[in-house]
Amino acid sequence: MPLEKQEKGRTKFIFVTGGVVSSLGKGITAASLGMLLKCRGLSVRLQKFDPYLNIDPGTMNPYQHGEVYVTDDGAETDLDLGHYERFTGAPTSRHSNYTSGQIYHSVLSREREGGYLGQTIQLIPHVTDEIKESICRLARPGVDVVVTEIGGTVGDIEGLPFMEALRQMALDVGRENVMYIHVSLVPYIRAAGEVKTKPTQHSVGRLREIGIVPDVIICRTEKVLTKDVKTKISLFCNVPPEAVIDEPDVNDTIYEVPFIFIEEGLDKLIIDRLALPAGKRDLGPWPEVMEAIRNPEAEVDIAVVGKYGELQDAYKSIYEAIDHGGIANRCRTNIRRILAKDAATEGAGALLGDVDGILIPGGFGSRDIEGKLEAVRYAREHGIPFFGICLGLQCAVIEFARNVCGLEGANTTEIAPETANPVICLLEEQENVREMGGSMRLGAYPCEVKDGSKAHEAYRTAHVSERHRHRYEFNNAYRQCFEDGGALFSGINSERNLVEIFEIPTHPWFVGCQFHPEFKSYPIAPHPLFRDFVRAAVVAGRKKTQGPGRE
């Protein structure tokens, strides 16, 4: 259904599409736009549509999709929402990510309930109307701009309903309230020593066939474009020369991208085109962040021990949060990706003997669990700063149970249902769950932090809220046994009496948490636990260089 006329002139809409190939970094582009508009005093919300038919990415293979990002309201979403929050600080929610599966499910459910009064359900108008309604759910009073990214590439058959909905949006709310930004690859042919504009011309041609004329073309390239190349793109793609924007590959950090856009005048172009009530640009702490990245005063090696060590996107928010901890400490963080299976076969000492900190991220299943336990043991016995997240906490608990408390065969019932010492067990509300997607303990829950603990030293408050994604928890039947062995349960969800944070007070820095703090870490506001973990690694690194080597 078309939007009501009174909606005109309120929230403005920016649509980000991609051309030529996937993985161009549209998410970082959209997030950078949001950051620049926010720095102009505008209220921004960001959103992504994914054309695949899965209801959400919660059951998808990390090799295909990367990490699953979780919002406060418990939505399992695309990893680009992490970029949105990290760049802008603007909250995301379940309305910030929709898949084709969700859109079709909503339409068909409404049809079965009689909501369409017997109409024949079609892609146009029913599916496209649902897409438009999903866009406008973020266009609340007080929101100046909604930035919507469309996953995939122009010309993908599964993306056509989304493109049609974007075309219709200009009719519904007025072309003056809509801006189309197309991100396209401008490849450099090394043998010829030239960049080629033809793929971008064809990509924009496909957009125009759909009925969308881009206002801005952002050129992803490994070479800065010359004026002649920009003029050629301008001519053949029918956009002004100043609307052809360079986005070359960055060297140090993705947080350089907004500064490139400032040099290209993109924020001013958007503000003028949409007649936004923007103020003077105020970058706040961002220049200090960039200074800390470019001119660190220390350097540490952090090992991330997981089963997807070779896969960058599987632990995307983890890697980013480690870097944020480095920013807080004016420190360069060199992340060493260690496959857990290698820690089991080659020995933890061979792989971790010279690192300054060890982190075990979240995950599921029994694969390579013994390698993670070896990494935990090595960190505990050698005084190396350790941070366990979700499954990482559970591994720390299992290792402590076996090797400190003497609980033979201690394990999680996820891996060993018949274990004699189930120190990790299924959450009570999960016992009758049969569907896999969207059924875990998801979203933000409160945690009470114990005074005098490493966690309290980091948070500097007794009350925090953190995001969760898990089915298993610490078994409270073993709490006294652990405390007798020297463990400290420094974070508790008092509503359910669930252990949220586990520490070893006699260790320089050994902390495990059941939640996912990486989802609430930002460059300008690093998460307290990551900040202090990296700080402990810096201290450990200095001691390592000043004292005897580790075994």
# chains A, B, ... in the order shown; residues from 1 in each chain; ligands from 1

$ residues_around --residues "Leu24 (chain A)" --least-positions-apart "6" --cutoff "12 Å" --atoms "only C-alpha atoms" --output "VMD selection string"
chain A and resid 16 to 18 30 151 to 153 182 to 187 218 to 222 247 to 249

$ residues_around --residues "Thr92 (chain A)" --least-positions-apart "2" --cutoff "12 Å" --atoms "only C-alpha atoms" --output "PDB file with N, CA and C atoms, in the first residue's frame"
ATOM      1  N   ALA A  31      27.567   2.362   6.538  1.00  0.00           N
ATOM      2  CA  ALA A  31      27.888   2.767   7.907  1.00  0.00           C
ATOM      3  C   ALA A  31      28.635   4.095   7.927  1.00  0.00           C
ATOM      4  N   VAL A  44      20.034   9.184  12.534  1.00  0.00           N
ATOM      5  CA  VAL A  44      20.145   8.227  11.434  1.00  0.00           C
ATOM      6  C   VAL A  44      19.810   6.821  11.929  1.00  0.00           C
ATOM      7  N   ARG A  45      19.133   6.055  11.085  1.00  0.00           N
ATOM      8  CA  ARG A  45      18.936   4.627  11.324  1.00  0.00           C
ATOM      9  C   ARG A  45      19.374   3.876  10.078  1.00  0.00           C
ATOM     10  N   LEU A  46      19.967   2.705  10.286  1.00  0.00           N
ATOM     11  CA  LEU A  46      20.477   1.918   9.163  1.00  0.00           C
ATOM     12  C   LEU A  46      19.808   0.557   9.117  1.00  0.00           C
ATOM     13  N   GLN A  47      19.788  -0.012   7.919  1.00  0.00           N
ATOM     14  CA  GLN A  47      19.003  -1.216   7.680  1.00  0.00           C
ATOM     15  C   GLN A  47      19.588  -1.973   6.494  1.00  0.00           C
ATOM     16  N   LYS A  48      19.442  -3.297   6.534  1.00  0.00           N
ATOM     17  CA  LYS A  48      19.892  -4.102   5.405  1.00  0.00           C
ATOM     18  C   LYS A  48      18.835  -5.121   5.008  1.00  0.00           C
ATOM     19  N   TYR A  69      25.256 -11.546  13.947  1.00  0.00           N
ATOM     20  CA  TYR A  69      25.229 -10.409  14.860  1.00  0.00           C
ATOM     21  C   TYR A  69      23.887 -10.404  15.584  1.00  0.00           C
ATOM     22  N   VAL A  70      23.906 -10.072  16.875  1.00  0.00           N
ATOM     23  CA  VAL A  70      22.693 -10.119  17.702  1.00  0.00           C
ATOM     24  C   VAL A  70      22.373  -8.723  18.231  1.00  0.00           C
ATOM     25  N   THR A  71      21.119  -8.334  18.124  1.00  0.00           N
ATOM     26  CA  THR A  71      20.678  -7.027  18.600  1.00  0.00           C
ATOM     27  C   THR A  71      20.121  -7.134  20.019  1.00  0.00           C
ATOM     28  N   ASP A  72      19.904  -5.993  20.653  1.00  0.00           N
ATOM     29  CA  ASP A  72      19.356  -5.985  22.011  1.00  0.00           C
ATOM     30  C   ASP A  72      18.017  -6.706  22.095  1.00  0.00           C
ATOM     31  N   ASP A  73      17.183  -6.569  21.060  1.00  0.00           N
ATOM     32  CA  ASP A  73      15.859  -7.193  21.108  1.00  0.00           C
ATOM     33  C   ASP A  73      15.866  -8.644  20.647  1.00  0.00           C
ATOM     34  N   GLY A  74      17.060  -9.229  20.480  1.00  0.00           N
ATOM     35  CA  GLY A  74      17.162 -10.669  20.269  1.00  0.00           C
ATOM     36  C   GLY A  74      17.074 -11.128  18.831  1.00  0.00           C
ATOM     37  N   ALA A  75      17.306 -10.244  17.875  1.00  0.00           N
ATOM     38  CA  ALA A  75      17.291 -10.659  16.479  1.00  0.00           C
ATOM     39  C   ALA A  75      18.661 -11.186  16.081  1.00  0.00           C
ATOM     40  N   GLU A  76      18.684 -12.291  15.342  1.00  0.00           N
ATOM     41  CA  GLU A  76      19.906 -12.802  14.739  1.00  0.00           C
ATOM     42  C   GLU A  76      20.003 -12.200  13.344  1.00  0.00           C
ATOM     43  N   THR A  77      21.063 -11.434  13.097  1.00  0.00           N
ATOM     44  CA  THR A  77      21.104 -10.607  11.903  1.00  0.00           C
ATOM     45  C   THR A  77      22.415 -10.734  11.151  1.00  0.00           C
ATOM     46  N   ASP A  78      22.470 -10.036  10.031  1.00  0.00           N
ATOM     47  CA  ASP A  78      23.660  -9.972   9.199  1.00  0.00           C
ATOM     48  C   ASP A  78      24.786  -9.227   9.910  1.00  0.00           C
ATOM     49  N   LEU A  79      26.022  -9.598   9.608  1.00  0.00           N
ATOM     50  CA  LEU A  79      27.165  -8.979  10.282  1.00  0.00           C
ATOM     51  C   LEU A  79      27.317  -7.493   9.965  1.00  0.00           C
ATOM     52  N   ASP A  80      26.712  -7.020   8.854  1.00  0.00           N
ATOM     53  CA  ASP A  80      26.822  -5.597   8.533  1.00  0.00           C
ATOM     54  C   ASP A  80      26.167  -4.711   9.592  1.00  0.00           C
ATOM     55  N   LEU A  81      25.219  -5.249  10.353  1.00  0.00           N
ATOM     56  CA  LEU A  81      24.628  -4.446  11.424  1.00  0.00           C
ATOM     57  C   LEU A  81      25.673  -4.094  12.479  1.00  0.00           C
ATOM     58  N   GLY A  82      26.680  -4.943  12.607  1.00  0.00           N
ATOM     59  CA  GLY A  82      27.784  -4.611  13.499  1.00  0.00           C
ATOM     60  C   GLY A  82      28.512  -3.365  13.027  1.00  0.00           C
ATOM     61  N   HIS A  83      28.754  -3.285  11.714  1.00  0.00           N
ATOM     62  CA  HIS A  83      29.377  -2.073  11.170  1.00  0.00           C
ATOM     63  C   HIS A  83      28.499  -0.846  11.435  1.00  0.00           C
ATOM     64  N   TYR A  84      27.200  -1.007  11.240  1.00  0.00           N
ATOM     65  CA  TYR A  84      26.300   0.130  11.448  1.00  0.00           C
ATOM     66  C   TYR A  84      26.432   0.681  12.866  1.00  0.00           C
ATOM     67  N   GLU A  85      26.407  -0.215  13.840  1.00  0.00           N
ATOM     68  CA  GLU A  85      26.469   0.241  15.232  1.00  0.00           C
ATOM     69  C   GLU A  85      27.853   0.770  15.585  1.00  0.00           C
ATOM     70  N   ARG A  86      28.896   0.114  15.086  1.00  0.00           N
ATOM     71  CA  ARG A  86      30.254   0.536  15.443  1.00  0.00           C
ATOM     72  C   ARG A  86      30.586   1.914  14.872  1.00  0.00           C
ATOM     73  N   THR A  88      28.263   4.323  13.880  1.00  0.00           N
ATOM     74  CA  THR A  88      27.316   5.401  14.206  1.00  0.00           C
ATOM     75  C   THR A  88      26.873   5.430  15.662  1.00  0.00           C
ATOM     76  N   GLY A  89      26.941   4.292  16.358  1.00  0.00           N
ATOM     77  CA  GLY A  89      26.368   4.235  17.694  1.00  0.00           C
ATOM     78  C   GLY A  89      24.861   4.200  17.685  1.00  0.00           C
ATOM     79  N   ALA A  90      24.240   4.285  16.505  1.00  0.00           N
ATOM     80  CA  ALA A  90      22.783   4.246  16.401  1.00  0.00           C
ATOM     81  C   ALA A  90      22.297   2.819  16.644  1.00  0.00           C
ATOM     82  N   ARG A  94      15.418  -5.748  15.276  1.00  0.00           N
ATOM     83  CA  ARG A  94      14.929  -6.720  14.308  1.00  0.00           C
ATOM     84  C   ARG A  94      14.368  -6.032  13.060  1.00  0.00           C
ATOM     85  N   HIS A  95      14.053  -4.745  13.144  1.00  0.00           N
ATOM     86  CA  HIS A  95      13.591  -4.006  11.966  1.00  0.00           C
ATOM     87  C   HIS A  95      14.746  -3.487  11.124  1.00  0.00           C
ATOM     88  N   SER A  96      15.965  -3.782  11.546  1.00  0.00           N
ATOM     89  CA  SER A  96      17.134  -3.312  10.808  1.00  0.00           C
ATOM     90  C   SER A  96      17.669  -4.352   9.834  1.00  0.00           C
ATOM     91  N   ASN A  97      17.082  -5.530   9.796  1.00  0.00           N
ATOM     92  CA  ASN A  97      17.551  -6.581   8.891  1.00  0.00           C
ATOM     93  C   ASN A  97      16.385  -7.465   8.492  1.00  0.00           C
ATOM     94  N   LEU A 138      11.404   2.059  10.264  1.00  0.00           N
ATOM     95  CA  LEU A 138      12.466   2.829  10.919  1.00  0.00           C
ATOM     96  C   LEU A 138      12.245   4.332  10.795  1.00  0.00           C
ATOM     97  N   VAL A 146      16.879   7.421   6.949  1.00  0.00           N
ATOM     98  CA  VAL A 146      17.008   5.961   6.988  1.00  0.00           C
ATOM     99  C   VAL A 146      17.899   5.549   5.824  1.00  0.00           C
ATOM    100  N   VAL A 147      18.998   4.879   6.141  1.00  0.00           N
ATOM    101  CA  VAL A 147      19.918   4.368   5.127  1.00  0.00           C
ATOM    102  C   VAL A 147      19.666   2.872   4.990  1.00  0.00           C
ATOM    103  N   GLY A 443      19.545 -11.891  22.831  1.00  0.00           N
ATOM    104  CA  GLY A 443      19.307 -10.495  23.151  1.00  0.00           C
ATOM    105  C   GLY A 443      19.889 -10.071  24.482  1.00  0.00           C
ATOM    106  N   PHE A 519      29.568  -7.420  20.780  1.00  0.00           N
ATOM    107  CA  PHE A 519      28.459  -6.765  20.084  1.00  0.00           C
ATOM    108  C   PHE A 519      28.169  -5.360  20.615  1.00  0.00           C
ATOM    109  N   LYS A 520      28.838  -4.976  21.694  1.00  0.00           N
ATOM    110  CA  LYS A 520      28.612  -3.645  22.248  1.00  0.00           C
ATOM    111  C   LYS A 520      29.925  -2.874  22.387  1.00  0.00           C
TER     112      LYS A 520
END

$ closest_residue --among "A:Pro214, A:Gly406, A:Gly371, A:Gly19" --to "Ala343 (chain A)" --atoms "only C-alpha atoms"
A:Gly371

$ atom_distance --atom1 "CA of Ser43 (chain A)" --atom2 "CA of Thr11 (chain A)"
9.6 Å

$ residues_around --residues "Gly284 (chain A)" --least-positions-apart "4" --cutoff "12 Å" --atoms "only C-alpha atoms" --output "JSON list (two decimals) with C-alpha atoms, in the first residue's frame"
[["chain", "number", "residue", "atom", "x", "y", "z"],
["A", 35, "MET", "CA", 28.52, 8.28, 10.71],
["A", 36, "LEU", "CA", 29.02, 11.42, 8.61],
["A", 38, "LYS", "CA", 25.35, 11.80, 12.56],
["A", 39, "CYS", "CA", 28.42, 14.05, 12.84],
["A", 40, "ARG", "CA", 26.25, 16.71, 11.21],
["A", 41, "GLY", "CA", 23.75, 16.49, 14.04],
["A", 88, "THR", "CA", 27.32, 5.40, 14.21],
["A", 280, "LYS", "CA", 28.40, 22.01, 11.14],
["A", 288, "GLU", "CA", 41.77, 10.86, 18.37],
["A", 289, "VAL", "CA", 40.72, 7.34, 17.39],
["A", 290, "MET", "CA", 42.54, 7.65, 14.08],
["A", 524, "ILE", "CA", 34.94, 5.61, 20.20],
["A", 525, "ALA", "CA", 33.68, 3.52, 23.15]]

$ select_by_dssp --residues "region 350-412 of chain A" --states "alpha helix (DSSP H)" --output "ChimeraX atom specification"
/A:350-352,369-382,391-403

$ write_last_selection --atoms "C-alpha atoms" --output "PDB file, in the first residue's frame"
ATOM      1  CA  ALA A 350      54.255 -24.521  20.364  1.00  0.00           C
ATOM      2  CA  LEU A 351      51.560 -22.153  19.090  1.00  0.00           C
ATOM      3  CA  LEU A 352      50.930 -19.875  22.072  1.00  0.00           C
ATOM      4  CA  ILE A 369      36.944 -28.631  21.640  1.00  0.00           C
ATOM      5  CA  GLU A 370      40.028 -30.398  23.053  1.00  0.00           C
ATOM      6  CA  GLY A 371      42.309 -27.899  21.337  1.00  0.00           C
ATOM      7  CA  LYS A 372      40.423 -25.066  23.012  1.00  0.00           C
ATOM      8  CA  LEU A 373      40.762 -26.775  26.378  1.00  0.00           C
ATOM      9  CA  GLU A 374      44.510 -27.054  25.818  1.00  0.00           C
ATOM     10  CA  ALA A 375      44.654 -23.327  25.073  1.00  0.00           C
ATOM     11  CA  VAL A 376      42.729 -22.544  28.281  1.00  0.00           C
ATOM     12  CA  ARG A 377      45.038 -24.721  30.329  1.00  0.00           C
ATOM     13  CA  TYR A 378      48.136 -23.120  28.849  1.00  0.00           C
ATOM     14  CA  ALA A 379      46.834 -19.619  29.617  1.00  0.00           C
ATOM     15  CA  ARG A 380      45.874 -20.571  33.171  1.00  0.00           C
ATOM     16  CA  GLU A 381      49.127 -22.335  34.016  1.00  0.00           C
ATOM     17  CA  HIS A 382      51.428 -19.757  32.428  1.00  0.00           C
ATOM     18  CA  LEU A 391      31.729 -21.252  24.448  1.00  0.00           C
ATOM     19  CA  GLY A 392      35.053 -19.773  25.565  1.00  0.00           C
ATOM     20  CA  LEU A 393      33.687 -19.425  29.095  1.00  0.00           C
ATOM     21  CA  GLN A 394      32.326 -22.964  28.935  1.00  0.00           C
ATOM     22  CA  CYS A 395      35.745 -24.275  27.887  1.00  0.00           C
ATOM     23  CA  ALA A 396      37.337 -22.403  30.800  1.00  0.00           C
ATOM     24  CA  VAL A 397      34.818 -23.969  33.177  1.00  0.00           C
ATOM     25  CA  ILE A 398      35.430 -27.482  31.837  1.00  0.00           C
ATOM     26  CA  GLU A 399      39.222 -27.100  32.044  1.00  0.00           C
ATOM     27  CA  PHE A 400      39.028 -25.720  35.591  1.00  0.00           C
ATOM     28  CA  ALA A 401      36.703 -28.537  36.625  1.00  0.00           C
ATOM     29  CA  ARG A 402      39.012 -31.228  35.297  1.00  0.00           C
ATOM     30  CA  ASN A 403      42.404 -29.866  36.272  1.00  0.00           C
TER      31      ASN A 403
END

$ residues_around --residues "Gly326 (chain A)" --least-positions-apart "6" --cutoff "9 Å" --atoms "only C-alpha atoms" --output "compact mmCIF listing (two decimals) with N, CA, C and O atoms, in the first residue's frame"
# COMPACT_ATOMS: atom_id res chain seq x y z
N ALA A 292 45.26 7.24 17.43
CA ALA A 292 45.67 6.05 18.19
C ALA A 292 45.96 4.88 17.27
O ALA A 292 46.86 4.07 17.53
N ILE A 293 45.19 4.75 16.19
CA ILE A 293 45.41 3.66 15.24
C ILE A 293 46.72 3.86 14.48
O ILE A 293 47.50 2.92 14.30
N PRO A 296 50.46 4.06 17.36
CA PRO A 296 50.37 3.34 18.64
C PRO A 296 51.65 3.48 19.45
O PRO A 296 52.74 3.71 18.91
N ALA A 298 52.38 1.04 21.84
CA ALA A 298 52.75 -0.32 22.26
C ALA A 298 52.24 -1.29 21.20
O ALA A 298 51.53 -0.91 20.26
N GLU A 299 52.60 -2.56 21.37
CA GLU A 299 52.20 -3.58 20.41
C GLU A 299 52.07 -4.92 21.13
O GLU A 299 52.93 -5.26 21.95
N VAL A 300 50.97 -5.63 20.87
CA VAL A 300 50.77 -6.93 21.50
C VAL A 300 50.31 -7.95 20.46
O VAL A 300 49.74 -7.60 19.43
N ARG A 332 48.91 -1.25 19.16
CA ARG A 332 48.61 -2.03 17.96
C ARG A 332 48.38 -3.48 18.37
O ARG A 332 49.20 -4.09 19.06
N THR A 333 47.26 -4.05 17.96
CA THR A 333 46.94 -5.43 18.30
C THR A 333 47.15 -6.32 17.07
O THR A 333 46.43 -6.19 16.08
N PRO A 526 35.27 1.66 23.36
CA PRO A 526 35.64 0.24 23.45
C PRO A 526 34.96 -0.43 24.64
O PRO A 526 34.77 0.18 25.69
N PHE A 530 37.11 -5.80 26.85
CA PHE A 530 38.15 -5.85 25.82
C PHE A 530 39.25 -4.84 26.12
O PHE A 530 40.44 -5.11 25.91
N ARG A 531 38.86 -3.68 26.61
CA ARG A 531 39.86 -2.67 26.98
C ARG A 531 40.82 -3.21 28.02
O ARG A 531 42.05 -3.11 27.88
N VAL A 534 43.10 -6.20 26.74
CA VAL A 534 44.26 -5.74 25.97
C VAL A 534 45.26 -5.06 26.89
O VAL A 534 46.48 -5.22 26.74
N ARG A 535 44.77 -4.31 27.87
CA ARG A 535 45.68 -3.67 28.82
C ARG A 535 46.50 -4.73 29.56
O ARG A 535 47.71 -4.57 29.74

$ decode --residues "region 89-110 of chain A" --atoms "N, CA and C atoms" --output "PDB file, in the first residue's frame"
ATOM      1  N   GLY A  89      26.941   4.292  16.358  1.00  0.00           N
ATOM      2  CA  GLY A  89      26.368   4.235  17.694  1.00  0.00           C
ATOM      3  C   GLY A  89      24.861   4.200  17.685  1.00  0.00           C
ATOM      4  N   ALA A  90      24.240   4.285  16.505  1.00  0.00           N
ATOM      5  CA  ALA A  90      22.783   4.246  16.401  1.00  0.00           C
ATOM      6  C   ALA A  90      22.297   2.819  16.644  1.00  0.00           C
ATOM      7  N   PRO A  91      21.249   2.642  17.432  1.00  0.00           N
ATOM      8  CA  PRO A  91      20.798   1.287  17.760  1.00  0.00           C
ATOM      9  C   PRO A  91      20.212   0.574  16.545  1.00  0.00           C
ATOM     10  N   THR A  92      20.424  -0.726  16.487  1.00  0.00           N
ATOM     11  CA  THR A  92      19.751  -1.556  15.491  1.00  0.00           C
ATOM     12  C   THR A  92      18.779  -2.482  16.222  1.00  0.00           C
ATOM     13  N   SER A  93      17.878  -3.076  15.451  1.00  0.00           N
ATOM     14  CA  SER A  93      16.852  -3.947  16.031  1.00  0.00           C
ATOM     15  C   SER A  93      16.435  -4.964  14.980  1.00  0.00           C
ATOM     16  N   ARG A  94      15.418  -5.748  15.276  1.00  0.00           N
ATOM     17  CA  ARG A  94      14.929  -6.720  14.308  1.00  0.00           C
ATOM     18  C   ARG A  94      14.368  -6.032  13.060  1.00  0.00           C
ATOM     19  N   HIS A  95      14.053  -4.745  13.144  1.00  0.00           N
ATOM     20  CA  HIS A  95      13.591  -4.006  11.966  1.00  0.00           C
ATOM     21  C   HIS A  95      14.746  -3.487  11.124  1.00  0.00           C
ATOM     22  N   SER A  96      15.965  -3.782  11.546  1.00  0.00           N
ATOM     23  CA  SER A  96      17.134  -3.312  10.808  1.00  0.00           C
ATOM     24  C   SER A  96      17.669  -4.352   9.834  1.00  0.00           C
ATOM     25  N   ASN A  97      17.082  -5.530   9.796  1.00  0.00           N
ATOM     26  CA  ASN A  97      17.551  -6.581   8.891  1.00  0.00           C
ATOM     27  C   ASN A  97      16.385  -7.465   8.492  1.00  0.00           C
ATOM     28  N   TYR A  98      16.130  -7.519   7.206  1.00  0.00           N
ATOM     29  CA  TYR A  98      15.081  -8.383   6.674  1.00  0.00           C
ATOM     30  C   TYR A  98      15.659  -9.235   5.555  1.00  0.00           C
ATOM     31  N   THR A  99      15.217 -10.485   5.487  1.00  0.00           N
ATOM     32  CA  THR A  99      15.572 -11.367   4.386  1.00  0.00           C
ATOM     33  C   THR A  99      14.342 -11.582   3.503  1.00  0.00           C
ATOM     34  N   SER A 100      14.575 -12.100   2.298  1.00  0.00           N
ATOM     35  CA  SER A 100      13.436 -12.474   1.453  1.00  0.00           C
ATOM     36  C   SER A 100      12.546 -13.463   2.187  1.00  0.00           C
ATOM     37  N   GLY A 101      13.167 -14.385   2.917  1.00  0.00           N
ATOM     38  CA  GLY A 101      12.382 -15.361   3.664  1.00  0.00           C
ATOM     39  C   GLY A 101      11.434 -14.712   4.648  1.00  0.00           C
ATOM     40  N   GLN A 102      11.918 -13.702   5.375  1.00  0.00           N
ATOM     41  CA  GLN A 102      11.053 -13.000   6.324  1.00  0.00           C
ATOM     42  C   GLN A 102       9.929 -12.263   5.612  1.00  0.00           C
ATOM     43  N   ILE A 103      10.263 -11.607   4.492  1.00  0.00           N
ATOM     44  CA  ILE A 103       9.253 -10.850   3.744  1.00  0.00           C
ATOM     45  C   ILE A 103       8.164 -11.786   3.227  1.00  0.00           C
ATOM     46  N   TYR A 104       8.556 -12.882   2.572  1.00  0.00           N
ATOM     47  CA  TYR A 104       7.574 -13.817   2.027  1.00  0.00           C
ATOM     48  C   TYR A 104       6.773 -14.479   3.139  1.00  0.00           C
ATOM     49  N   HIS A 105       7.444 -14.811   4.246  1.00  0.00           N
ATOM     50  CA  HIS A 105       6.749 -15.428   5.373  1.00  0.00           C
ATOM     51  C   HIS A 105       5.671 -14.496   5.913  1.00  0.00           C
ATOM     52  N   SER A 106       5.984 -13.210   6.016  1.00  0.00           N
ATOM     53  CA  SER A 106       5.007 -12.247   6.513  1.00  0.00           C
ATOM     54  C   SER A 106       3.812 -12.130   5.572  1.00  0.00           C
ATOM     55  N   VAL A 107       4.088 -12.074   4.264  1.00  0.00           N
ATOM     56  CA  VAL A 107       3.013 -11.954   3.281  1.00  0.00           C
ATOM     57  C   VAL A 107       2.125 -13.193   3.295  1.00  0.00           C
ATOM     58  N   LEU A 108       2.734 -14.369   3.306  1.00  0.00           N
ATOM     59  CA  LEU A 108       1.948 -15.604   3.254  1.00  0.00           C
ATOM     60  C   LEU A 108       1.175 -15.838   4.549  1.00  0.00           C
ATOM     61  N   SER A 109       1.758 -15.462   5.682  1.00  0.00           N
ATOM     62  CA  SER A 109       1.040 -15.590   6.950  1.00  0.00           C
ATOM     63  C   SER A 109      -0.184 -14.679   6.963  1.00  0.00           C
ATOM     64  N   ARG A 110      -0.024 -13.475   6.450  1.00  0.00           N
ATOM     65  CA  ARG A 110      -1.161 -12.553   6.389  1.00  0.00           C
ATOM     66  C   ARG A 110      -2.250 -13.085   5.457  1.00  0.00           C
TER      67      ARG A 110
END
